[in-house]
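Visitor: Below is the file work-v6.cif, with mmCIF, C-alpha atoms and all ligand atoms.
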```
data_query
loop_
_atom_site.label_atom_id
_atom_site.label_comp_id
_atom_site.auth_asym_id
_atom_site.auth_seq_id
_atom_site.Cartn_x
_atom_site.Cartn_y
_atom_site.Cartn_z
CA MET A 20 -30.21 -3.95 -26.67
CA TYR A 21 -32.32 -1.55 -24.67
CA PHE A 22 -36.11 -1.27 -24.24
CA ASP A 23 -38.41 1.62 -23.48
CA SER A 24 -40.63 -0.45 -21.20
CA VAL A 25 -40.93 -3.81 -19.48
CA GLU A 26 -43.85 -4.58 -21.82
CA GLU A 27 -41.64 -4.01 -24.85
CA LEU A 28 -39.02 -6.38 -23.40
CA ILE A 29 -41.67 -9.08 -22.79
CA GLU A 30 -43.17 -8.62 -26.21
CA LYS A 31 -39.83 -8.87 -27.99
CA TYR A 32 -38.71 -11.75 -25.78
CA GLU A 33 -41.78 -13.77 -26.70
CA SER A 34 -41.76 -12.86 -30.38
CA GLY A 35 -38.10 -13.86 -30.74
CA GLY A 36 -36.78 -10.31 -31.07
CA VAL A 37 -34.32 -10.85 -28.24
CA GLU A 38 -31.34 -13.16 -28.36
CA LYS A 39 -31.73 -15.82 -25.66
CA ILE A 40 -28.83 -17.49 -23.92
CA LYS A 41 -29.15 -20.66 -21.88
CA LEU A 42 -26.64 -20.46 -19.05
CA PRO A 43 -24.94 -23.75 -18.18
CA ASP A 44 -26.10 -25.41 -14.95
CA HIS A 45 -23.79 -24.89 -12.01
CA ASP A 46 -21.27 -27.66 -11.57
CA ASP A 47 -20.62 -28.32 -7.86
CA LYS A 48 -17.11 -29.50 -8.69
CA ASP A 49 -16.29 -26.17 -10.35
CA LEU A 50 -13.65 -24.38 -8.27
CA TYR A 51 -14.21 -20.98 -9.91
CA SER A 52 -13.85 -18.19 -7.34
CA THR A 53 -13.53 -20.62 -4.42
CA TYR A 54 -10.61 -20.61 -2.02
CA ILE A 55 -9.70 -24.19 -2.91
CA PRO A 56 -6.25 -24.36 -4.52
CA ARG A 57 -6.33 -25.86 -7.98
CA GLY A 58 -3.81 -27.01 -10.54
CA HIS A 59 -0.61 -28.93 -10.03
CA SER A 60 1.66 -27.76 -7.20
CA ASN A 61 5.34 -28.53 -6.91
CA THR A 62 5.18 -27.62 -3.23
CA ARG A 63 3.91 -30.13 -0.69
CA PRO A 64 0.60 -28.74 0.55
CA ASN A 65 0.79 -30.45 3.97
CA VAL A 66 4.07 -28.75 4.97
CA HIS A 67 4.15 -25.23 6.40
CA GLY A 68 5.82 -22.41 4.52
CA PRO A 69 8.32 -20.02 6.15
CA LYS A 70 7.27 -18.34 9.40
CA LEU A 71 8.40 -15.24 11.24
CA VAL A 72 9.83 -15.91 14.71
CA GLU A 73 10.79 -13.55 17.52
CA PRO A 74 13.16 -15.71 19.59
CA GLN A 75 13.39 -13.14 22.39
CA GLY A 76 9.95 -11.55 22.10
CA HIS A 77 8.71 -8.30 20.59
CA ARG A 78 11.23 -5.53 20.09
CA TYR A 79 8.54 -2.86 19.84
CA GLU A 80 6.30 -1.39 22.54
CA VAL A 81 2.57 -0.86 22.23
CA ASP A 82 0.91 1.18 24.99
CA ARG A 83 -2.73 1.42 23.92
CA ASN A 84 -2.50 3.53 20.75
CA PHE A 85 1.11 4.63 21.27
CA VAL A 86 3.88 2.69 19.55
CA GLU A 87 7.67 2.78 19.85
CA TYR A 88 10.04 0.92 17.55
CA ALA A 89 13.71 1.55 16.70
CA GLY A 90 14.00 5.33 16.33
CA TRP A 91 10.27 5.71 15.82
CA SER A 92 7.34 6.73 17.98
CA PHE A 93 3.80 7.53 16.95
CA ALA A 94 0.16 7.39 17.98
CA TYR A 95 -2.41 5.72 15.75
CA ARG A 96 -6.15 5.60 15.37
CA VAL A 97 -8.65 4.36 12.81
CA ARG A 98 -11.21 6.90 11.67
CA SER A 99 -14.65 5.44 10.98
CA SER A 100 -14.82 7.23 7.63
CA ALA A 101 -11.43 6.90 5.94
CA GLY A 102 -9.46 4.59 8.22
CA LEU A 103 -5.87 4.47 9.41
CA GLN A 104 -4.09 7.55 10.78
CA VAL A 105 -0.83 8.13 12.62
CA PHE A 106 -0.10 11.28 14.61
CA ASP A 107 3.00 12.87 16.07
CA LEU A 108 5.35 10.66 14.10
CA ARG A 109 8.85 11.07 15.53
CA PHE A 110 12.23 9.68 14.59
CA ASN A 111 14.98 9.86 17.20
CA GLY A 112 12.69 12.12 19.20
CA GLU A 113 12.35 14.64 16.38
CA ARG A 114 8.92 15.30 14.84
CA ILE A 115 8.70 14.14 11.23
CA ALA A 116 4.96 14.44 10.66
CA TYR A 117 2.01 15.70 12.62
CA GLU A 118 -0.32 13.40 10.70
CA ILE A 119 -0.13 10.74 8.01
CA SER A 120 -3.52 9.33 7.14
CA LEU A 121 -5.81 7.75 4.65
CA GLN A 122 -8.27 10.22 3.15
CA GLU A 123 -10.17 8.43 0.43
CA ALA A 124 -10.22 5.38 -1.82
CA ILE A 125 -12.13 5.17 -5.08
CA ALA A 126 -12.81 2.56 -7.72
CA PHE A 127 -14.22 3.85 -11.04
CA TYR A 128 -15.41 1.24 -13.55
CA SER A 129 -15.89 0.91 -17.29
CA GLY A 130 -18.01 -1.63 -19.13
CA ASP A 131 -20.52 -2.49 -21.81
CA THR A 132 -23.53 -2.90 -19.54
CA PRO A 133 -25.32 -0.30 -17.39
CA ALA A 134 -24.05 -1.41 -13.97
CA ALA A 135 -20.41 -1.14 -14.99
CA MET A 136 -20.93 2.12 -16.86
CA GLN A 137 -22.31 3.71 -13.72
CA THR A 138 -20.24 2.15 -10.95
CA LYS A 139 -18.09 4.68 -9.17
CA TYR A 140 -17.24 3.75 -5.61
CA ILE A 141 -16.06 6.52 -3.30
CA ASP A 142 -15.31 4.56 -0.17
CA ALA A 143 -15.18 7.02 2.73
CA GLY A 144 -18.93 7.28 2.12
CA TRP A 145 -19.20 3.57 2.89
CA ALA A 146 -17.33 4.22 6.16
CA MET A 147 -14.39 2.10 5.03
CA GLY A 148 -12.74 2.69 8.43
CA THR A 149 -15.48 0.58 10.03
CA LEU A 150 -15.41 -2.15 7.40
CA SER A 151 -12.73 -4.12 9.16
CA TYR A 152 -13.23 -7.57 10.59
CA GLU A 153 -11.14 -9.96 12.66
CA LEU A 154 -7.68 -10.57 11.23
CA ALA A 155 -6.56 -14.19 10.91
CA PRO A 156 -3.12 -14.95 12.44
CA GLY A 157 -0.85 -16.55 9.89
CA ILE A 158 -2.86 -15.23 6.92
CA ASP A 159 -3.85 -11.60 7.41
CA CYS A 160 -0.92 -10.90 9.72
CA PRO A 161 1.94 -13.11 10.96
CA GLU A 162 1.13 -15.29 14.01
CA ILE A 163 3.60 -13.25 16.08
CA ALA A 164 1.71 -9.99 15.48
CA THR A 165 0.07 -7.97 18.23
CA PHE A 166 -3.65 -7.89 17.52
CA VAL A 167 -5.64 -4.89 18.70
CA ASP A 168 -9.38 -4.29 19.03
CA LEU A 169 -10.86 -1.17 17.49
CA PHE A 170 -13.99 0.75 18.43
CA HIS A 171 -16.35 2.59 16.11
CA TYR A 172 -19.37 4.66 17.03
CA PHE A 173 -20.97 4.72 13.62
CA ASP A 174 -24.54 4.05 12.52
CA THR A 175 -25.35 2.61 15.96
CA ASP A 176 -26.55 3.97 19.31
CA LYS A 177 -23.44 2.80 21.13
CA PRO A 178 -19.76 2.17 20.38
CA VAL A 179 -19.05 -1.22 18.85
CA ARG A 180 -15.94 -3.30 19.50
CA TYR A 181 -14.16 -4.74 16.45
CA ILE A 182 -12.09 -7.62 17.76
CA ASN A 183 -8.51 -7.95 16.43
CA ALA A 184 -9.18 -5.52 13.61
CA LEU A 185 -5.68 -4.01 13.64
CA CYS A 186 -2.31 -5.68 13.89
CA ILE A 187 1.23 -4.55 14.57
CA PHE A 188 4.25 -6.68 13.82
CA GLU A 189 7.93 -6.58 13.03
CA MET A 190 9.07 -8.49 9.97
CA THR A 191 12.23 -9.19 8.06
CA THR A 192 12.52 -7.78 4.56
CA ALA A 193 14.84 -10.61 3.44
CA VAL A 194 17.06 -8.00 1.80
CA PRO A 195 20.00 -6.55 3.74
CA LEU A 196 19.77 -2.94 4.86
CA ARG A 197 23.46 -2.73 3.91
CA ARG A 198 26.15 -5.22 2.98
CA HIS A 199 29.58 -5.24 1.49
CA PHE A 200 32.29 -7.76 0.86
CA ASP A 201 35.64 -6.16 0.31
CA SER A 202 37.59 -8.55 -1.88
CA GLU A 203 40.79 -6.57 -1.50
CA PHE A 204 40.94 -6.94 2.28
CA ASN A 205 38.62 -9.95 2.63
CA ILE A 206 36.23 -8.10 4.92
CA TYR A 207 32.48 -8.59 5.05
CA ALA A 208 29.99 -6.38 6.84
CA GLY A 209 26.20 -6.43 6.70
CA LEU A 210 23.09 -5.27 8.54
CA ASP A 211 19.82 -7.18 8.55
CA ASN A 212 16.75 -5.18 7.65
CA THR A 213 13.61 -5.36 9.70
CA VAL A 214 10.54 -3.16 9.55
CA LEU A 215 7.54 -2.46 11.78
CA VAL A 216 4.14 -2.79 10.11
CA LEU A 217 0.87 -1.23 11.26
CA ARG A 218 -2.00 -2.90 9.39
CA THR A 219 -5.77 -2.71 9.04
CA THR A 220 -8.13 -3.89 6.32
CA SER A 221 -11.31 -2.58 4.75
CA THR A 222 -13.78 -4.88 3.04
CA VAL A 223 -15.78 -2.54 0.85
CA TYR A 224 -18.52 -4.68 -0.68
CA ASN A 225 -16.65 -7.03 -3.05
CA TYR A 226 -13.05 -6.04 -2.49
CA ASP A 227 -10.64 -5.98 0.40
CA TYR A 228 -8.00 -3.35 0.94
CA ILE A 229 -5.03 -4.15 3.14
CA TRP A 230 -3.63 -0.90 4.53
CA ASP A 231 -0.02 -0.93 5.69
CA PHE A 232 2.09 1.77 7.28
CA LEU A 233 5.71 0.60 7.43
CA PHE A 234 8.50 2.02 9.60
CA TYR A 235 12.07 1.22 8.59
CA GLN A 236 15.08 1.45 10.91
CA ASN A 237 16.77 4.07 8.73
CA GLY A 238 14.06 6.74 9.05
CA VAL A 239 12.05 5.72 5.99
CA MET A 240 8.28 5.50 6.43
CA GLU A 241 6.19 3.88 3.73
CA VAL A 242 2.46 3.68 3.05
CA LYS A 243 1.21 0.78 1.01
CA VAL A 244 -2.12 -0.67 -0.09
CA SER A 245 -2.83 -4.16 -1.37
CA ALA A 246 -6.15 -4.96 -3.04
CA THR A 247 -7.78 -8.37 -2.91
CA GLY A 248 -11.23 -9.90 -2.38
CA TYR A 249 -13.43 -10.40 -5.42
CA ILE A 250 -13.50 -8.46 -8.66
CA HIS A 251 -16.64 -6.48 -9.40
CA ALA A 252 -17.66 -8.39 -12.51
CA THR A 253 -20.54 -8.00 -14.97
CA PHE A 254 -22.39 -10.09 -17.53
CA PHE A 255 -20.21 -10.85 -20.53
CA THR A 256 -21.02 -9.31 -23.86
CA PRO A 257 -18.64 -9.41 -26.85
CA ASN A 258 -18.30 -5.62 -26.81
CA GLY A 259 -17.24 -5.92 -23.18
CA LEU A 260 -13.82 -7.00 -24.38
CA HIS A 261 -13.07 -3.31 -24.97
CA TYR A 262 -13.55 -2.85 -21.23
CA GLY A 263 -12.05 -5.93 -19.68
CA THR A 264 -11.31 -9.61 -19.89
CA LYS A 265 -13.50 -12.70 -19.94
CA VAL A 266 -12.90 -14.57 -16.69
CA TYR A 267 -15.68 -17.21 -16.70
CA ASN A 268 -18.76 -18.33 -18.62
CA TYR A 269 -20.61 -15.08 -19.33
CA VAL A 270 -18.49 -13.14 -16.83
CA LEU A 271 -16.49 -10.05 -17.71
CA GLY A 272 -13.80 -8.79 -15.33
CA ASN A 273 -14.22 -5.06 -15.83
CA LEU A 274 -11.60 -2.41 -16.38
CA HIS A 275 -11.48 -0.22 -13.29
CA THR A 276 -9.08 2.06 -11.50
CA HIS A 277 -8.41 2.25 -7.78
CA LEU A 278 -7.01 5.51 -6.49
CA ILE A 279 -6.07 6.16 -2.89
CA HIS A 280 -5.48 9.55 -1.32
CA TYR A 281 -3.22 10.10 1.67
CA LYS A 282 -2.64 13.20 3.73
CA VAL A 283 0.96 13.78 4.80
CA ASP A 284 1.36 16.72 7.17
CA LEU A 285 5.14 16.93 7.41
CA ASP A 286 6.98 18.96 10.04
CA ILE A 287 10.64 18.63 9.16
CA ALA A 288 12.90 20.21 11.79
CA GLY A 289 10.00 22.42 12.85
CA ARG A 290 6.79 23.54 11.21
CA GLU A 291 8.23 26.03 8.74
CA ASN A 292 8.79 23.87 5.68
CA SER A 293 9.29 24.53 2.00
CA PHE A 294 8.91 22.39 -1.09
CA GLU A 295 11.15 21.84 -4.08
CA THR A 296 11.40 19.40 -6.94
CA ILE A 297 14.72 18.26 -8.33
CA ASP A 298 15.31 17.09 -11.87
CA LEU A 299 18.42 16.10 -13.75
CA ARG A 300 19.53 18.10 -16.76
CA TYR A 301 22.39 17.37 -19.10
CA VAL A 302 25.24 19.83 -19.15
CA ASN A 303 27.88 20.03 -21.86
CA PHE A 304 31.16 21.87 -21.25
CA THR A 305 34.80 21.89 -22.32
CA ASN A 306 36.87 19.27 -20.59
CA PRO A 307 38.92 21.37 -18.12
CA TRP A 308 42.08 19.25 -18.49
CA SER A 309 41.74 18.58 -22.21
CA PRO A 310 40.25 21.64 -23.94
CA LYS A 311 39.69 19.87 -27.28
CA HIS A 312 37.11 17.58 -25.65
CA PHE A 313 33.74 17.98 -24.02
CA ILE A 314 32.22 16.59 -20.86
CA VAL A 315 28.52 15.70 -20.95
CA GLN A 316 26.89 14.74 -17.69
CA SER A 317 23.79 15.22 -15.53
CA LYS A 318 23.41 18.12 -13.16
CA LEU A 319 20.93 18.74 -10.34
CA HIS A 320 18.29 21.27 -11.28
CA ARG A 321 16.19 22.52 -8.39
CA THR A 322 12.81 24.23 -8.64
CA GLU A 323 11.32 25.78 -5.53
CA HIS A 324 7.51 25.74 -5.64
CA LYS A 325 6.33 28.82 -3.82
CA THR A 326 2.58 28.65 -4.31
CA GLU A 327 -0.11 25.99 -4.06
CA ARG A 328 -0.80 26.02 -7.80
CA SER A 329 2.86 25.57 -8.63
CA ALA A 330 3.08 22.75 -6.05
CA ALA A 331 0.06 20.86 -7.41
CA LEU A 332 1.77 18.32 -9.68
CA ARG A 333 -0.64 17.12 -12.34
CA PHE A 334 -1.29 13.79 -13.94
CA GLY A 335 -0.31 13.97 -17.58
CA LYS A 336 2.80 15.98 -16.83
CA LYS A 337 6.11 14.30 -16.13
CA PHE A 338 6.52 13.65 -12.42
CA PRO A 339 9.75 15.23 -11.13
CA ARG A 340 12.70 12.96 -10.46
CA TYR A 341 12.83 13.95 -6.79
CA VAL A 342 10.31 15.60 -4.52
CA HIS A 343 11.79 17.27 -1.46
CA PHE A 344 10.37 18.87 1.69
CA TYR A 345 12.83 20.80 3.75
CA ASN A 346 13.33 23.43 6.35
CA PRO A 347 15.37 26.20 4.74
CA ASN A 348 16.48 27.50 8.12
CA GLU A 349 17.63 24.27 9.74
CA LYS A 350 20.82 22.69 8.49
CA ASN A 351 22.46 19.38 9.16
CA LYS A 352 26.11 19.20 10.17
CA TRP A 353 27.21 19.26 6.52
CA GLY A 354 25.34 22.46 5.82
CA HIS A 355 22.45 20.89 3.93
CA GLN A 356 18.92 21.92 4.73
CA LYS A 357 17.16 19.26 6.76
CA GLY A 358 14.59 17.58 4.60
CA TYR A 359 12.61 14.51 3.66
CA ARG A 360 12.16 13.09 0.23
CA ILE A 361 8.82 11.70 -0.92
CA GLN A 362 9.39 8.68 -3.09
CA PHE A 363 6.35 8.28 -5.33
CA ASN A 364 6.17 4.63 -6.38
CA SER A 365 2.60 4.66 -7.65
CA HIS A 366 1.57 4.08 -11.24
CA ALA A 367 -1.71 5.91 -10.70
CA ASP A 368 -3.23 8.12 -13.39
CA SER A 369 -6.38 10.20 -13.73
CA VAL A 370 -9.72 8.37 -14.07
CA LEU A 371 -11.96 10.98 -15.72
CA PRO A 372 -11.40 14.27 -17.56
CA ARG A 373 -11.07 17.26 -15.24
CA GLY A 374 -14.46 18.68 -14.32
CA TRP A 375 -16.50 15.85 -15.86
CA ARG A 376 -19.48 15.33 -13.51
CA GLU A 377 -18.45 12.89 -10.77
CA GLU A 378 -14.82 13.93 -11.23
CA ASN A 379 -15.66 17.10 -9.29
CA GLY A 380 -16.07 14.95 -6.19
CA ILE A 381 -12.56 13.56 -6.42
CA SER A 382 -10.57 16.65 -7.39
CA TRP A 383 -7.69 15.34 -5.27
CA ALA A 384 -7.34 12.67 -7.98
CA ARG A 385 -6.11 15.30 -10.44
CA TYR A 386 -2.73 15.29 -8.75
CA PRO A 387 -0.21 12.59 -7.93
CA LEU A 388 1.01 15.08 -5.33
CA ALA A 389 -0.28 18.48 -4.27
CA VAL A 390 1.19 20.62 -1.51
CA THR A 391 -1.19 22.95 0.27
CA ARG A 392 -0.77 25.36 3.11
CA HIS A 393 -1.88 23.84 6.40
CA LYS A 394 -5.24 25.02 7.67
CA ASP A 395 -7.38 23.60 10.46
CA SER A 396 -10.38 24.23 8.21
CA GLU A 397 -8.85 21.97 5.52
CA ALA A 398 -8.44 18.85 7.64
CA THR A 399 -9.51 16.25 5.06
CA SER A 400 -9.50 16.01 1.29
CA SER A 401 -12.83 14.19 1.07
CA SER A 402 -15.84 13.41 3.26
CA ILE A 403 -18.45 10.75 3.94
CA TYR A 404 -20.87 12.71 1.72
CA THR A 405 -18.88 12.55 -1.53
CA GLN A 406 -20.35 9.20 -2.63
CA CYS A 407 -23.88 10.58 -2.54
CA ASP A 408 -23.08 13.96 -4.10
CA PRO A 409 -19.88 13.86 -6.11
CA TRP A 410 -21.22 16.54 -8.46
CA GLU A 411 -21.11 19.31 -5.85
CA PRO A 412 -19.09 17.78 -3.03
CA VAL A 413 -19.25 19.06 0.53
CA VAL A 414 -15.44 18.91 0.70
CA SER A 415 -13.55 19.80 -2.45
CA PHE A 416 -9.78 19.45 -2.44
CA GLU A 417 -9.56 21.80 -5.41
CA ASP A 418 -10.81 24.61 -3.14
CA TYR A 419 -7.65 24.23 -1.05
CA ILE A 420 -5.50 25.03 -4.07
CA ARG A 421 -7.73 27.51 -5.89
CA ASN A 422 -6.68 30.52 -3.81
CA ASN A 423 -3.07 29.71 -4.76
CA GLU A 424 -1.58 30.69 -1.42
CA ASP A 425 2.09 31.08 -0.62
CA ILE A 426 3.48 27.80 0.79
CA VAL A 427 7.01 28.92 1.67
CA ASN A 428 7.67 28.28 5.37
CA GLN A 429 4.00 28.65 6.18
CA VAL A 430 2.83 27.54 9.59
CA GLN A 431 -0.85 28.45 9.38
CU CU B 1 -9.95 -3.77 -8.25
#
```
Render the structure in this file as structure tokens.
Guide:
Amino acid sequence: MYFDSVEELIEKYESGGVEKIKLPDHDDKDLYSTYIPRGHSNTRPNVHGPKLVEPQGHRYEVDRNFVEYAGWSFAYRVRSSAGLQVFDLRFNGERIAYEISLQEAIAFYSGDTPAAMQTKYIDAGWAMGTLSYELAPGIDCPEIATFVDLFHYFDTDKPVRYINALCIFEMTTAVPLRRHFDSEFNIYAGLDNTVLVLRTTSTVYNYDYIWDFLFYQNGVMEVKVSATGYIHATFFTPNGLHYGTKVYNYVLGNLHTHLIHYKVDLDIAGRENSFETIDLRYVNFTNPWSPKHFIVQSKLHRTEHKTERSAALRFGKKFPRYVHFYNPNEKNKWGHQKGYRIQFNSHADSVLPRGWREENGISWARYPLAVTRHKDSEATSSSIYTQCDPWEPVVSFEDYIRNNEDIVNQVQ
């Protein structure tokens, strides 16, 4: 029910034209939204759970913002606007990426009441890089982690120290990197799998993002986000059930979508890289040793994407089976082009129709993956100004694609 004026609301409230609800008094014993565990536990609460140990100390080196671990080396920093970045990422001394960094995080809401209908967080504008507080050993990061202070010079007249706002640690994955038991010869071999984690957090109003960059011993690098904190909830109305779930007396947990954008500036075996997608297609042919029969099987089908438009993979279209960056002129010892695969594990999807008002501010969110030609003038896909003017954003990712430039082996 909506009113044209405060007077109209008062008048209808007093004349009984408005449905009145008496909220229950708060019960101090109510554990709702507290950090106190509730319910029956089959685990003894006074006994510690498993812990990471490093019996012989750290196996990685941290020299200020430079890190070395297994085959890896990189430099990191945390931008005040968007947060975590790594630069000059190398594996076995060879450059893999010039930059891998967070660009933007959004949360767009739906609901039955005005606040939810209008809530669209675009978090670089809240300086999510600065929204990091002290990490708790044993909870936010393992006790054995290296904790690092960060500095931000943002919205103040001097730089501010953020104590223990970033952590670095090595952990086990509890799954072998490789193993095999050969029952014919009774031989077992296995390799344990450990990974280096670079972690920061951002507490943007109600929710907390945990940002992880992971470095595996086999040359795999992974980016990962975990979301926690509190949900952004609204007053419950029956129609709200189309937009969420009732989570408490008169509280609706609202439908919303988080999308995160990362920049990955790969340099595989040099800066001249190309991009292809690989799908599997069935083939059907006469069995070569038995001509009356047919063989049906999958075959690799490669598509080279030569322009920015072709390389902007859209939501709504099937994501290719494999996504491959390679240097066409640099081969490995088996004659294959040196390359890196991007494994897209996200279940993200678009949040608004293309071009619909605020959607113009997040045009990067049209694409699960878009490959653009590198330009110094196209350093970021969003900016701190997008939250306040998403309708005509200062930085528009779509502009990077619109000119549809050639992306084959392009350096600049
Ligand atoms: Cu959420």
Visitor: Which residue gives the smallest distance to Arg78 of chain A among A:Ile40, A:Ile187, A:Leu154, A:Val25, with all atoms listed in the file counted?
Guide: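 Closest candidate: A:Ile187.
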Visitor: Need the shell around Val223 of chain A: protein/DNA/RNA residues with any atom at most 7 Å away, counting only C-alpha atoms. Skip same-chain ones fewer than 3 positions apart. Format as a list of chain:residue names?
Guide: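 What passes the distance filter is A:Met147, A:Leu150, A:Tyr226, A:Asp227.
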Visitor: How would the residues just picked look written out with C-alpha atoms as a short mmCIF file (atom, residue, chain, number, x, y, z; two decimals), keeping the file's coordinate frame?
Guide:
```
data_model
loop_
_atom_site.label_atom_id
_atom_site.label_comp_id
_atom_site.auth_asym_id
_atom_site.auth_seq_id
_atom_site.Cartn_x
_atom_site.Cartn_y
_atom_site.Cartn_z
CA MET A 147 -14.39 2.10 5.03
CA LEU A 150 -15.41 -2.15 7.40
CA TYR A 226 -13.05 -6.04 -2.49
CA ASP A 227 -10.64 -5.98 0.40
#
```
Visitor: Quick one: everything within 7 Å of Glu327 of chain A, counting only C-alpha atoms, minus sequence neighbours fewer than 2 positions away in the same chain. Send it as a PyMOL selection string.
Guide: chain A and resi 329-331+390-391+420+423-426
Visitor: Kindly assemble as CSV a list of the chain A residues that lie within 10 Å of ligand CU 1 (chain B), each paired with its nearest atom pair and their distance in Å to one decimal, using all atoms listed in the file, sorted first by chain and then by ascending residue number.
Guide:
```
residue,atom,partner,partner_atom,distance
A:Ile125,CA,B:CU1,CU,9.7
A:Ala126,CA,B:CU1,CU,7.0
A:Phe127,CA,B:CU1,CU,9.2
A:Tyr128,CA,B:CU1,CU,9.1
A:Asn225,CA,B:CU1,CU,9.1
A:Tyr226,CA,B:CU1,CU,6.9
A:Asp227,CA,B:CU1,CU,9.0
A:Tyr228,CA,B:CU1,CU,9.4
A:Ser245,CA,B:CU1,CU,9.9
A:Ala246,CA,B:CU1,CU,6.6
A:Thr247,CA,B:CU1,CU,7.4
A:Gly248,CA,B:CU1,CU,8.6
A:Tyr249,CA,B:CU1,CU,8.0
A:Ile250,CA,B:CU1,CU,5.9
A:His251,CA,B:CU1,CU,7.3
A:Ala252,CA,B:CU1,CU,9.9
A:Gly272,CA,B:CU1,CU,9.5
A:Asn273,CA,B:CU1,CU,8.8
A:Leu274,CA,B:CU1,CU,8.4
A:His275,CA,B:CU1,CU,6.4
A:Thr276,CA,B:CU1,CU,6.7
A:His277,CA,B:CU1,CU,6.2
A:Leu278,CA,B:CU1,CU,9.9
```
Visitor: Taking (-21.1, -13.6, -21.2) in the file's coordinates, which residues come within 6 Å, counting all atoms listed in the file, written as a CSV table (one decimal) with C-alpha atoms, in the frame of the given file?
Guide:
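As a result, out-v5.csv now contains:
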```csv
chain,number,residue,atom,x,y,z
A,254,PHE,CA,-22.4,-10.1,-17.5
A,255,PHE,CA,-20.2,-10.8,-20.5
A,256,THR,CA,-21.0,-9.3,-23.9
A,268,ASN,CA,-18.8,-18.3,-18.6
A,269,TYR,CA,-20.6,-15.1,-19.3
A,270,VAL,CA,-18.5,-13.1,-16.8
```
Visitor: Using only C-alpha atoms, which residue out of A:Val266, A:Arg376, A:Ser369, A:Pro339 lies closest to Leu299 of chain A?
Guide: A:Pro339
Visitor: Can you work out which one of A:Arg392, A:Arg385, A:Tyr267, A:Arg83 has the shortest atom-to-atom distance to Leu50 of chain A, counting only C-alpha atoms?
Guide: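 Under the stated criterion, the closest residue is A:Tyr267.
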Visitor: Could you work out how far atom CA of Trp230 of chain A lies from atom CA of Val242 of chain A, giving the answer in Å with one decimal?
Guide: 7.8 Å
Visitor: So how many Å separate atom CA of Arg180 of chain A and atom CA of Val214 of chain A, to one decimal?
Guide: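 Going from atom CA of Arg180 of chain A over to atom CA of Val214 of chain A covers 28.3 Å.
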Visitor: Find, counting only C-alpha atoms, the residue in A:Arg218, A:His171, A:His45, A:His199 that gets nearest to Leu185 of chain A.
Guide: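 Under the stated criterion, the closest residue is A:Arg218.
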Visitor: Which residues are near Glu113 of chain A? Cut-off 10 Å, only C-alpha atoms, ignore same chain within fewer than 2 positions. Put them as a list of chain:residue names.
Guide: A:Gly90, A:Trp91, A:Ser92, A:Asp107, A:Leu108, A:Arg109, A:Phe110, A:Asn111, A:Ile115, A:Ala116, A:Asp286, A:Ile287, A:Ala288, A:Gly289
Visitor: Smallest atom-to-atom distance to Tyr386 of chain A: which of A:Leu233, A:His280, A:Gln429, A:Lys357, using only C-alpha atoms?
Guide: A:His280
Visitor: Using all atoms listed in the file, can you tell me which of A:Thr253, A:Asn348, A:Glu189, A:Asp408 comes closest to Thr138 of chain A?
Guide: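 Going through A:Thr253, A:Asn348, A:Glu189, A:Asp408 one by one, the smallest distance to Thr138 of chain A is for A:Thr253.
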Visitor: Can you pull out the residues contacting Asp174 of chain A? Cut-off 12 Å, using all atoms listed in the file, and skip same-chain residues under 2 positions away; I want them as a PyMOL selection string.
Guide: chain A and resi 99-100+145-146+149+171-172+176-179
Visitor: How would you write as a PyMOL selection string the residues that get within 6 Å of (8.9, 23.3, 4.1) in the file's frame, counting only C-alpha atoms?
Guide: chain A and resi 291-294+344-346+428
Visitor: For Arg197 of chain A, please output as a list of chain:residue names all residues within 12 Å (counting only C-alpha atoms; exclusion window: fewer than 5 positions along the same chain).
Guide: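 The residues that qualify are A:Tyr207, A:Ala208, A:Gly209, A:Leu210, A:Asp211, A:Asn212, A:Thr213, A:Gln236, A:Asn237.
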Visitor: Go ahead and save the picked residues with C-alpha atoms, as an mmCIF file, in the frame of the given file.
Guide:
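Written out: out_15.cif:
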```cif
data_model
loop_
_atom_site.group_PDB
_atom_site.id
_atom_site.type_symbol
_atom_site.label_atom_id
_atom_site.label_comp_id
_atom_site.auth_asym_id
_atom_site.auth_seq_id
_atom_site.Cartn_x
_atom_site.Cartn_y
_atom_site.Cartn_z
ATOM 1 C CA TYR A 207 32.480 -8.590 5.050
ATOM 2 C CA ALA A 208 29.990 -6.380 6.840
ATOM 3 C CA GLY A 209 26.200 -6.430 6.700
ATOM 4 C CA LEU A 210 23.090 -5.270 8.540
ATOM 5 C CA ASP A 211 19.820 -7.180 8.550
ATOM 6 C CA ASN A 212 16.750 -5.180 7.650
ATOM 7 C CA THR A 213 13.610 -5.360 9.700
ATOM 8 C CA GLN A 236 15.080 1.450 10.910
ATOM 9 C CA ASN A 237 16.770 4.070 8.730
#
```
Visitor: Take atom CA of Asp368 of chain A and atom CA of Cys407 of chain A and report the distance between them in Å, one decimal.
Guide: 23.5 Å
